[in-house]
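Visitor: Before we start, here is the structure in question, set down as C-alpha cells.
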Amino acid sequence: MTEIRVLTDEAQFRAHCTLFRRAIHAQAPSDDSWAITLPSYEQGRVHAAFDGDEMVGTTQSFGSSLVVPGGAVVPHSAISRVGVRADYTRRGVLTALMREQLSALPDPVATLRATEGRIYGRFGYGVAGRVREVEIDAKHAVIPGAMTGRVRMIDADTADKLLPELHDAIGLRRPGQISRWPGWWARQRDRKGEAENSVTVVHSGPDGDDGFLTYKVTTEKDFKHRLSVEDLEYANADAWRDLWIYVVRLDLVDHIENEVPLDDPVSLLFEDPRVVLTKDVFDEIWLRLADVPRMLSARTYGHADAVVLEVHDKLLPANDGRYRVSPDGAERVDASADITIPVDLLGAVYFGDTTFSQLAATKRIEGTRLADADALFAVPQKPVCGTFF
Ligand SMILES: CC(C)(COP(=O)(O)OP(=O)(O)OC[C@H]1O[C@@H](n2cnc3c(N)ncnc32)[C@H](O)[C@@H]1OP(=O)(O)O)[C@@H](O)C(=O)NCCC(=O)NCCS
C-alpha cells in the first residue's frame, strides 16, 4: 500500500534526490554536489511515496512565477524530480504522487518537462508551448551590419553573481517565461563545472547591461567544433541581435545549436537564411491549470463574441463547470456550453500555441463557435519558457 508523505529533513531530501537520480539512470549526488543541490529542496514542496519505511517514488516543486498572455505574472509551481524506483514502476506510485501533489499545490498553476509524451495528460497537463531546435552552419553564416552595443566576456565568479541580478532586471518578457529560484542558479553552477567549458558574455546598450549569453564549445570526432547555446536572455532586439553577431563571428566554430521560440526570427538575421536548419520541434511547457477560474481570469483575451467553455477535471473537481470567456475576461456561469474541454487540453490552448479548431479537427474536443474561441485565445507571440528545470 503506497503512502504519500511530505518530507521535511535533510537526510530525507538526500534520499529523495538519490532515488530520483537513479530513476533517470544518473549517479547519486556526491557530497559536493549535494551541498549545491540542497537549497533547491523547499519545505512543503517535497513529496515521496513510501511502501512501509521504504521510499519508492519522488516528486517536488520549486516556487516560481509564470507570465500569462497579457503580461500578468502568477505564482507557479515548477514540478521536477519525478521518479519511481525501478522495482515499483507500473503499480500506481506516480498516480498516487501526482494526486497528492496536485491536491496540495500551493500555486494556481504548475508546469513541467516530460521525459515521455504519454505520461502526464492523464494528470491534467497539456502541451502549452513548444520550441524549435536550430543548427547554424557557422562557416557560411553572415549577419550583415555592425553591432549597436558592446559584448564583454565575464569569468565564472562574476557570472555567478551578475546573472541572477541581470535576469531579474531583464524581466519576464513573454508568456511561458518563469522566474528562476535561488536553487536553480545553484544547480546551474554545479552543471557548469570548469570541465564543461562554459563561457558567459554580457551585452550592454545605451542603458547598461541588457542581455547575456552562456555557451560551450565541444570538439567532435572529426575535429569540428560545435557551439551549444545554453542560455540567451535579452531585454530588447538590439541585445538579441548583437549576441547572435558575437556568436556567429567566433573563430573555429563549425556549427551553432540553440533552442528558440517557434516564431523566433533568427533565420532572418542571415544573408542566406538557409544556413539555419530546423533540427527538431518539441514540446517544452506542459501546463496544469490547478485553479481554473483564477487562471482564466489572470490572462487577457482577443476580440470576438463571448464563448462558454465547459471544463472537466477528474483530479480536481472544483474546476468542473462552465466559464464564459469574452474580451472583458472570464467568469463562472450557469449557461449552456459552446465547447466541452478536459483540463489538459484547456492547458494546451491557454497560451495560444494550440487552437480549439485544431483540437476539434482531431476529435479531441467537441463544440461550436470554434473560430470565436480561437480568436479569444489568440496571442501575438508564441509562448516559450527558456528555463530548464
Ligand atoms: C515515469 C514514471 C515516473 C512512472 O511511474 P509509475 O509509478 O510507473 O506510473 P503509474 O504506475 O502511476 O502509471 C500511471 C499510468 O501512466 C502510464 N505510464 C507510466 N510511465 C509511462 C511511460 N514511461 N510511458 C508511457 N506510459 C507510462 C502507465 O502505464 C499507467 O497507465 P494506465 O493507468 O493506463 O495503466 C516511472 O516509470 C519512472 O520513474 N521512470 C523513470 C524516470 C522518469 O522518466 N521520470 C519522469 C520525469 S518527467
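Simple scheme: letters A, B, ... for chains in C-alpha cells order, numbers from 1 for residues in each chain, numbers from 1 for ligands in the order shown.
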For A:Pro69, list every protein, DNA or RNA residue within 7 Å, evaluated using only C-alpha atoms, and leave out those in the same chain fewer than 6 positions away; present the list as an mmCIF file with all heavy atoms, in the first residue's frame.
Guide:
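Output file part.cif is given in full below:
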data_model
loop_
_atom_site.group_PDB
_atom_site.id
_atom_site.type_symbol
_atom_site.label_atom_id
_atom_site.label_comp_id
_atom_site.auth_asym_id
_atom_site.auth_seq_id
_atom_site.Cartn_x
_atom_site.Cartn_y
_atom_site.Cartn_z
ATOM 1 N N PRO A 175 4.752 35.198 -22.551
ATOM 2 C CA PRO A 175 4.017 34.139 -21.872
ATOM 3 C C PRO A 175 4.808 32.830 -21.873
ATOM 4 O O PRO A 175 5.392 32.456 -22.893
ATOM 5 C CB PRO A 175 2.735 34.015 -22.701
ATOM 6 C CG PRO A 175 2.540 35.371 -23.283
ATOM 7 C CD PRO A 175 3.923 35.898 -23.549
ATOM 8 N N ARG A 299 -5.457 35.863 -17.452
ATOM 9 C CA ARG A 299 -4.959 36.259 -18.781
ATOM 10 C C ARG A 299 -5.941 37.198 -19.480
ATOM 11 O O ARG A 299 -7.089 37.351 -19.040
ATOM 12 C CB ARG A 299 -4.651 35.042 -19.672
ATOM 13 C CG ARG A 299 -5.795 34.123 -20.031
ATOM 14 C CD ARG A 299 -5.511 33.366 -21.346
ATOM 15 N NE ARG A 299 -5.569 34.274 -22.494
ATOM 16 C CZ ARG A 299 -5.297 33.944 -23.738
ATOM 17 N NH1 ARG A 299 -4.918 32.717 -24.023
ATOM 18 N NH2 ARG A 299 -5.392 34.825 -24.712
ATOM 19 N N THR A 300 -5.481 37.835 -20.539
ATOM 20 C CA THR A 300 -6.345 38.699 -21.344
ATOM 21 C C THR A 300 -6.807 37.931 -22.582
ATOM 22 O O THR A 300 -6.252 36.874 -22.915
ATOM 23 C CB THR A 300 -5.607 39.975 -21.777
ATOM 24 O OG1 THR A 300 -4.430 39.582 -22.502
ATOM 25 C CG2 THR A 300 -5.225 40.822 -20.586
ATOM 26 N N PHE A 351 -2.015 29.174 -23.660
ATOM 27 C CA PHE A 351 -1.027 30.154 -24.150
ATOM 28 C C PHE A 351 -1.204 30.454 -25.638
ATOM 29 O O PHE A 351 -0.373 31.149 -26.236
ATOM 30 C CB PHE A 351 0.393 29.625 -23.953
ATOM 31 C CG PHE A 351 0.903 29.709 -22.535
ATOM 32 C CD1 PHE A 351 1.597 28.639 -21.986
ATOM 33 C CD2 PHE A 351 0.722 30.843 -21.767
ATOM 34 C CE1 PHE A 351 2.109 28.706 -20.705
ATOM 35 C CE2 PHE A 351 1.221 30.916 -20.470
ATOM 36 C CZ PHE A 351 1.913 29.855 -19.946
ATOM 37 N N VAL A 379 -2.744 34.778 -29.454
ATOM 38 C CA VAL A 379 -1.692 35.585 -28.805
ATOM 39 C C VAL A 379 -0.775 36.180 -29.873
ATOM 40 O O VAL A 379 -0.562 35.572 -30.925
ATOM 41 C CB VAL A 379 -0.848 34.718 -27.840
ATOM 42 C CG1 VAL A 379 -1.670 34.284 -26.648
ATOM 43 C CG2 VAL A 379 -0.251 33.517 -28.554
#
Visitor: Excluding stretch 331-339 of chain A and its own-chain neighbours fewer than 6 positions away, which residues fall within 10 Å of it when counting only C-alpha atoms? Please give them as a compact mmCIF listing (two decimals) with N, CA, C and O atoms, in the first residue's frame.
Guide:
# COMPACT_ATOMS: atom_id res chain seq x y z
N VAL A 292 -8.64 26.68 -12.13
CA VAL A 292 -9.10 27.12 -13.46
C VAL A 292 -9.73 28.52 -13.42
O VAL A 292 -9.38 29.38 -14.25
N PRO A 293 -10.67 28.81 -12.47
CA PRO A 293 -11.26 30.15 -12.51
C PRO A 293 -10.22 31.25 -12.37
O PRO A 293 -10.26 32.26 -13.06
N ARG A 294 -9.25 31.02 -11.46
CA ARG A 294 -8.22 32.06 -11.25
C ARG A 294 -7.34 32.22 -12.50
O ARG A 294 -7.01 33.34 -12.90
N LEU A 296 -8.10 31.43 -15.65
CA LEU A 296 -8.84 32.02 -16.78
C LEU A 296 -8.97 33.53 -16.59
O LEU A 296 -8.94 34.30 -17.55
N SER A 297 -9.09 33.97 -15.33
CA SER A 297 -9.21 35.41 -15.07
C SER A 297 -7.87 36.13 -15.19
O SER A 297 -7.83 37.34 -15.38
N ALA A 306 -18.38 36.38 -27.05
CA ALA A 306 -18.12 35.52 -25.89
C ALA A 306 -18.45 34.06 -26.21
O ALA A 306 -19.33 33.76 -27.02
N VAL A 307 -17.70 33.16 -25.55
CA VAL A 307 -17.88 31.72 -25.73
C VAL A 307 -17.99 31.09 -24.33
O VAL A 307 -17.30 31.53 -23.40
N VAL A 308 -18.86 30.09 -24.18
CA VAL A 308 -18.95 29.38 -22.89
C VAL A 308 -18.23 28.03 -23.01
O VAL A 308 -18.55 27.21 -23.89
N LEU A 309 -17.26 27.85 -22.13
CA LEU A 309 -16.49 26.59 -22.10
C LEU A 309 -16.97 25.74 -20.94
O LEU A 309 -17.13 26.25 -19.82
N GLU A 310 -17.17 24.47 -21.20
CA GLU A 310 -17.47 23.53 -20.10
C GLU A 310 -16.21 22.72 -19.82
O GLU A 310 -15.75 21.98 -20.70
N VAL A 311 -15.67 22.88 -18.63
CA VAL A 311 -14.38 22.27 -18.29
C VAL A 311 -14.60 21.04 -17.43
O VAL A 311 -15.41 21.06 -16.49
N GLY A 321 -17.04 22.89 -14.42
CA GLY A 321 -18.04 23.95 -14.52
C GLY A 321 -17.98 24.65 -15.86
O GLY A 321 -17.19 24.28 -16.74
N ARG A 322 -18.84 25.67 -15.98
CA ARG A 322 -18.91 26.42 -17.23
C ARG A 322 -18.36 27.82 -17.01
O ARG A 322 -18.66 28.45 -15.98
N TYR A 323 -17.60 28.29 -17.98
CA TYR A 323 -16.93 29.58 -17.88
C TYR A 323 -17.22 30.38 -19.15
O TYR A 323 -17.00 29.88 -20.26
N ARG A 324 -17.71 31.60 -18.94
CA ARG A 324 -17.94 32.49 -20.08
C ARG A 324 -16.68 33.30 -20.29
O ARG A 324 -16.21 34.00 -19.38
N VAL A 325 -16.10 33.20 -21.49
CA VAL A 325 -14.86 33.91 -21.81
C VAL A 325 -15.18 34.95 -22.87
O VAL A 325 -15.79 34.64 -23.91
N PHE A 356 -8.46 25.82 -30.55
CA PHE A 356 -9.66 24.99 -30.37
C PHE A 356 -9.98 24.28 -31.68
O PHE A 356 -10.36 23.11 -31.68
N ALA A 360 -10.53 20.33 -32.27
CA ALA A 360 -11.80 19.79 -32.79
C ALA A 360 -11.55 18.96 -34.04
O ALA A 360 -12.17 17.90 -34.23
N ILE A 365 -11.81 17.54 -28.86
CA ILE A 365 -12.87 18.28 -28.16
C ILE A 365 -14.09 18.35 -29.07
O ILE A 365 -13.98 18.12 -30.28
N GLU A 366 -15.22 18.70 -28.46
CA GLU A 366 -16.45 18.88 -29.24
C GLU A 366 -17.01 20.26 -28.98
O GLU A 366 -16.87 20.78 -27.86
N GLY A 367 -17.66 20.83 -30.00
CA GLY A 367 -18.31 22.11 -29.75
C GLY A 367 -18.53 22.91 -31.01
O GLY A 367 -18.22 22.47 -32.12
N THR A 368 -19.09 24.09 -30.78
CA THR A 368 -19.35 25.04 -31.87
C THR A 368 -18.61 26.33 -31.53
O THR A 368 -17.91 26.40 -30.52
N ARG A 369 -18.74 27.34 -32.37
CA ARG A 369 -18.14 28.65 -32.11
C ARG A 369 -16.61 28.56 -31.96
O ARG A 369 -15.99 29.29 -31.17
N LEU A 370 -16.02 27.63 -32.72
CA LEU A 370 -14.57 27.40 -32.58
C LEU A 370 -13.76 28.63 -33.02
O LEU A 370 -12.75 28.97 -32.39
N ALA A 373 -13.67 31.13 -30.26
CA ALA A 373 -12.77 30.67 -29.18
C ALA A 373 -11.31 30.84 -29.61
O ALA A 373 -10.47 31.30 -28.81
Visitor: Give as a ChimeraX atom specification the residues surrounding ligand 1 up to a distance of 8 Å, considering only C-alpha atoms and all ligand atoms.
Guide: /A:20,23-24,57,80-86,88-96,112-120,122
Visitor: Can you write out the residues you just picked, keeping N, CA and C atoms, as a CSV table (one decimal), in the first residue's frame?
Guide:
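So selection12.csv came out as:
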chain,number,residue,atom,x,y,z
A,20,PHE,N,15.6,9.7,-7.1
A,20,PHE,CA,15.2,10.3,-8.4
A,20,PHE,C,16.4,10.1,-9.4
A,23,ALA,N,16.5,6.8,-10.8
A,23,ALA,CA,15.4,6.5,-11.7
A,23,ALA,C,15.7,7.0,-13.1
A,24,ILE,N,16.5,8.1,-13.2
A,24,ILE,CA,16.9,8.5,-14.5
A,24,ILE,C,18.3,8.0,-15.0
A,57,GLY,N,9.2,6.4,-4.4
A,57,GLY,CA,8.9,7.3,-5.5
A,57,GLY,C,9.0,8.8,-5.0
A,80,SER,N,9.3,18.9,-10.7
A,80,SER,CA,10.6,18.2,-11.1
A,80,SER,C,10.8,17.0,-10.2
A,81,ARG,N,11.9,16.4,-10.6
A,81,ARG,CA,12.4,15.2,-9.8
A,81,ARG,C,11.3,14.2,-9.6
A,82,VAL,N,10.6,13.9,-10.7
A,82,VAL,CA,9.6,12.8,-10.7
A,82,VAL,C,10.3,11.5,-11.0
A,83,GLY,N,10.2,10.6,-10.1
A,83,GLY,CA,10.8,9.3,-10.3
A,83,GLY,C,10.2,8.2,-9.4
A,84,VAL,N,10.2,7.0,-10.0
A,84,VAL,CA,9.7,5.8,-9.2
A,84,VAL,C,10.8,4.8,-9.3
A,85,ARG,N,11.1,4.1,-8.1
A,85,ARG,CA,12.1,3.1,-8.1
A,85,ARG,C,11.8,2.0,-9.1
A,86,ALA,N,12.8,1.6,-9.8
A,86,ALA,CA,12.6,0.7,-11.0
A,86,ALA,C,11.8,-0.6,-10.6
A,88,TYR,N,9.4,-0.7,-8.6
A,88,TYR,CA,8.0,-0.4,-8.2
A,88,TYR,C,7.2,0.3,-9.3
A,89,THR,N,7.8,0.3,-10.5
A,89,THR,CA,7.0,1.0,-11.6
A,89,THR,C,5.8,0.3,-12.0
A,90,ARG,N,4.8,1.0,-12.6
A,90,ARG,CA,3.6,0.5,-13.2
A,90,ARG,C,2.7,-0.2,-12.1
A,91,ARG,N,2.8,0.4,-10.9
A,91,ARG,CA,1.9,-0.1,-9.8
A,91,ARG,C,1.1,1.0,-9.2
A,92,GLY,N,1.1,2.2,-9.9
A,92,GLY,CA,0.3,3.3,-9.5
A,92,GLY,C,1.0,4.3,-8.5
A,93,VAL,N,2.3,4.1,-8.4
A,93,VAL,CA,3.1,5.0,-7.4
A,93,VAL,C,3.0,6.4,-7.9
A,94,LEU,N,3.3,6.6,-9.2
A,94,LEU,CA,3.3,8.0,-9.8
A,94,LEU,C,1.9,8.6,-9.7
A,95,THR,N,0.9,7.8,-9.9
A,95,THR,CA,-0.5,8.3,-9.9
A,95,THR,C,-0.8,8.8,-8.5
A,96,ALA,N,-0.4,8.0,-7.5
A,96,ALA,CA,-0.6,8.5,-6.1
A,96,ALA,C,0.1,9.8,-5.8
A,112,LEU,N,5.7,21.5,-16.1
A,112,LEU,CA,6.8,20.5,-16.0
A,112,LEU,C,7.4,20.2,-17.4
A,113,ARG,N,8.5,19.5,-17.5
A,113,ARG,CA,9.1,19.0,-18.7
A,113,ARG,C,8.9,17.5,-18.6
A,114,ALA,N,8.4,16.9,-19.7
A,114,ALA,CA,8.1,15.5,-19.7
A,114,ALA,C,9.2,14.6,-20.4
A,115,THR,N,9.6,13.6,-19.8
A,115,THR,CA,10.5,12.7,-20.5
A,115,THR,C,9.8,11.9,-21.5
A,116,GLU,N,8.6,11.5,-21.3
A,116,GLU,CA,7.8,10.8,-22.3
A,116,GLU,C,6.4,11.5,-22.5
A,117,GLY,N,6.0,11.5,-23.7
A,117,GLY,CA,4.8,12.2,-24.1
A,117,GLY,C,3.5,11.6,-23.6
A,118,ARG,N,3.5,10.4,-23.1
A,118,ARG,CA,2.2,9.7,-22.8
A,118,ARG,C,1.9,9.7,-21.3
A,119,ILE,N,2.8,10.3,-20.5
A,119,ILE,CA,2.6,10.1,-19.0
A,119,ILE,C,1.6,11.1,-18.4
A,120,TYR,N,1.8,12.4,-18.8
A,120,TYR,CA,1.2,13.5,-17.9
A,120,TYR,C,-0.2,14.0,-18.3
A,122,ARG,N,-2.9,12.4,-18.5
A,122,ARG,CA,-3.9,11.8,-17.6
A,122,ARG,C,-4.0,12.6,-16.3
Visitor: Please identify which residues in stretch 114-233 of chain A DSSP calls helix (DSSP H, G or I) from the backbone, and express them as JSON, numbers by chain.
Guide: {"A": [121, 122, 123, 138, 139, 140, 156, 157, 158, 159, 160, 161, 162, 163, 164, 165, 166, 167, 168, 169, 170, 182, 183, 184, 185, 186, 187, 188, 189, 190, 191, 194, 195, 196]}
Visitor: Quick one: write out the picked residues with N, CA and C atoms as an mmCIF file, in the first residue's frame?
Guide:
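To be explicit, this is the file written out as selection-v2.cif:
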data_model
loop_
_atom_site.group_PDB
_atom_site.id
_atom_site.type_symbol
_atom_site.label_atom_id
_atom_site.label_comp_id
_atom_site.auth_asym_id
_atom_site.auth_seq_id
_atom_site.Cartn_x
_atom_site.Cartn_y
_atom_site.Cartn_z
ATOM 1 N N GLY A 121 -0.690 13.679 -19.550
ATOM 2 C CA GLY A 121 -2.031 14.120 -19.946
ATOM 3 C C GLY A 121 -3.082 13.625 -18.966
ATOM 4 N N ARG A 122 -2.914 12.396 -18.505
ATOM 5 C CA ARG A 122 -3.919 11.811 -17.594
ATOM 6 C C ARG A 122 -3.996 12.564 -16.272
ATOM 7 N N PHE A 123 -2.958 13.316 -15.944
ATOM 8 C CA PHE A 123 -2.977 14.092 -14.699
ATOM 9 C C PHE A 123 -3.372 15.554 -14.947
ATOM 10 N N ALA A 138 27.954 27.632 -39.258
ATOM 11 C CA ALA A 138 28.672 28.852 -38.866
ATOM 12 C C ALA A 138 29.675 29.302 -39.917
ATOM 13 N N LYS A 139 30.244 28.360 -40.658
ATOM 14 C CA LYS A 139 31.269 28.725 -41.658
ATOM 15 C C LYS A 139 30.673 29.562 -42.791
ATOM 16 N N HIS A 140 29.368 29.397 -43.037
ATOM 17 C CA HIS A 140 28.735 30.147 -44.127
ATOM 18 C C HIS A 140 27.735 31.176 -43.627
ATOM 19 N N ALA A 156 33.683 33.039 -14.417
ATOM 20 C CA ALA A 156 32.620 32.249 -13.785
ATOM 21 C C ALA A 156 32.142 32.873 -12.479
ATOM 22 N N ASP A 157 33.074 33.419 -11.676
ATOM 23 C CA ASP A 157 32.661 34.009 -10.389
ATOM 24 C C ASP A 157 31.783 35.238 -10.615
ATOM 25 N N THR A 158 32.173 36.057 -11.605
ATOM 26 C CA THR A 158 31.363 37.245 -11.906
ATOM 27 C C THR A 158 29.992 36.817 -12.413
ATOM 28 N N ALA A 159 29.976 35.775 -13.262
ATOM 29 C CA ALA A 159 28.690 35.289 -13.803
ATOM 30 C C ALA A 159 27.788 34.805 -12.665
ATOM 31 N N ASP A 160 28.359 34.093 -11.690
ATOM 32 C CA ASP A 160 27.549 33.587 -10.570
ATOM 33 C C ASP A 160 26.832 34.725 -9.858
ATOM 34 N N LYS A 161 27.523 35.849 -9.736
ATOM 35 C CA LYS A 161 26.930 36.982 -9.012
ATOM 36 C C LYS A 161 26.013 37.805 -9.922
ATOM 37 N N LEU A 162 26.483 38.049 -11.142
ATOM 38 C CA LEU A 162 25.765 39.009 -12.007
ATOM 39 C C LEU A 162 24.508 38.427 -12.668
ATOM 40 N N LEU A 163 24.568 37.168 -13.107
ATOM 41 C CA LEU A 163 23.462 36.663 -13.939
ATOM 42 C C LEU A 163 22.103 36.645 -13.238
ATOM 43 N N PRO A 164 22.027 36.193 -11.954
ATOM 44 C CA PRO A 164 20.696 36.245 -11.320
ATOM 45 C C PRO A 164 20.139 37.664 -11.273
ATOM 46 N N GLU A 165 21.025 38.645 -10.974
ATOM 47 C CA GLU A 165 20.565 40.049 -10.918
ATOM 48 C C GLU A 165 20.135 40.525 -12.303
ATOM 49 N N LEU A 166 20.941 40.172 -13.306
ATOM 50 C CA LEU A 166 20.638 40.642 -14.660
ATOM 51 C C LEU A 166 19.357 39.982 -15.189
ATOM 52 N N HIS A 167 19.187 38.696 -14.866
ATOM 53 C CA HIS A 167 17.961 38.002 -15.281
ATOM 54 C C HIS A 167 16.737 38.691 -14.688
ATOM 55 N N ASP A 168 16.821 39.057 -13.408
ATOM 56 C CA ASP A 168 15.695 39.770 -12.775
ATOM 57 C C ASP A 168 15.477 41.130 -13.429
ATOM 58 N N ALA A 169 16.586 41.818 -13.719
ATOM 59 C CA ALA A 169 16.472 43.170 -14.297
ATOM 60 C C ALA A 169 15.880 43.104 -15.713
ATOM 61 N N ILE A 170 16.259 42.083 -16.468
ATOM 62 C CA ILE A 170 15.712 41.933 -17.828
ATOM 63 C C ILE A 170 14.208 41.686 -17.747
ATOM 64 N N PRO A 182 16.528 30.640 -6.259
ATOM 65 C CA PRO A 182 17.953 30.556 -5.903
ATOM 66 C C PRO A 182 18.542 29.166 -6.147
ATOM 67 N N GLY A 183 17.770 28.115 -5.836
ATOM 68 C CA GLY A 183 18.270 26.752 -6.047
ATOM 69 C C GLY A 183 18.532 26.460 -7.516
ATOM 70 N N TRP A 184 17.801 27.114 -8.423
ATOM 71 C CA TRP A 184 18.031 26.912 -9.872
ATOM 72 C C TRP A 184 19.415 27.404 -10.243
ATOM 73 N N TRP A 185 19.757 28.606 -9.749
ATOM 74 C CA TRP A 185 21.073 29.162 -10.086
ATOM 75 C C TRP A 185 22.186 28.323 -9.462
ATOM 76 N N ALA A 186 21.919 27.799 -8.256
ATOM 77 C CA ALA A 186 22.938 26.973 -7.605
ATOM 78 C C ALA A 186 23.206 25.707 -8.412
ATOM 79 N N ARG A 187 22.127 25.042 -8.865
ATOM 80 C CA ARG A 187 22.288 23.824 -9.678
ATOM 81 C C ARG A 187 22.982 24.142 -11.006
ATOM 82 N N GLN A 188 22.688 25.325 -11.534
ATOM 83 C CA GLN A 188 23.295 25.741 -12.786
ATOM 84 C C GLN A 188 24.809 25.822 -12.636
ATOM 85 N N ARG A 189 25.243 26.367 -11.501
ATOM 86 C CA ARG A 189 26.688 26.459 -11.249
ATOM 87 C C ARG A 189 27.285 25.063 -11.160
ATOM 88 N N ASP A 190 26.537 24.129 -10.560
ATOM 89 C CA ASP A 190 27.017 22.757 -10.415
ATOM 90 C C ASP A 190 27.204 22.115 -11.791
ATOM 91 N N ARG A 191 26.218 22.341 -12.686
ATOM 92 C CA ARG A 191 26.274 21.741 -14.022
ATOM 93 C C ARG A 191 27.429 22.299 -14.846
ATOM 94 N N GLU A 194 34.146 23.709 -14.496
ATOM 95 C CA GLU A 194 35.146 24.157 -15.482
ATOM 96 C C GLU A 194 35.310 23.154 -16.597
ATOM 97 N N ALA A 195 35.181 21.862 -16.237
ATOM 98 C CA ALA A 195 35.367 20.811 -17.241
ATOM 99 C C ALA A 195 34.380 20.966 -18.380
ATOM 100 N N GLU A 196 33.263 21.597 -18.100
ATOM 101 C CA GLU A 196 32.254 21.729 -19.151
ATOM 102 C C GLU A 196 32.492 22.926 -20.050
#
Visitor: With only C-alpha atoms as the basis for distance, which of A:Asp291, A:Asp32, A:Asp305, A:Asp353 is at the shortest distance from A:Val109?
Guide: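 Under the stated criterion, the closest residue is A:Asp291.
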Visitor: As a PyMOL selection string, please: every residue in stretch 74-300 of chain A that DSSP puts in strand (DSSP E or B).
Guide: chain A and resi 74-84+109-112+126-137+150-154+178+198-205+208-219+225-234+255-261+276-289
Visitor: Using only C-alpha atoms, can you tell me which of A:Tyr125, A:Phe212, A:Tyr246, A:Phe13 comes closest to A:Leu232?
Guide: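 Of A:Tyr125, A:Phe212, A:Tyr246, A:Phe13, the one nearest A:Leu232, counting only C-alpha atoms, is A:Phe212.
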Visitor: Extract, using only C-alpha atoms, all DNA, RNA and protein residues at most 10 Å from A:Arg45, discarding same-chain residues fewer than 4 positions from it, and format them as a VMD selection string.
Guide: chain A and resid 6 to 8 41 59 to 63 77 79 101 104 to 106
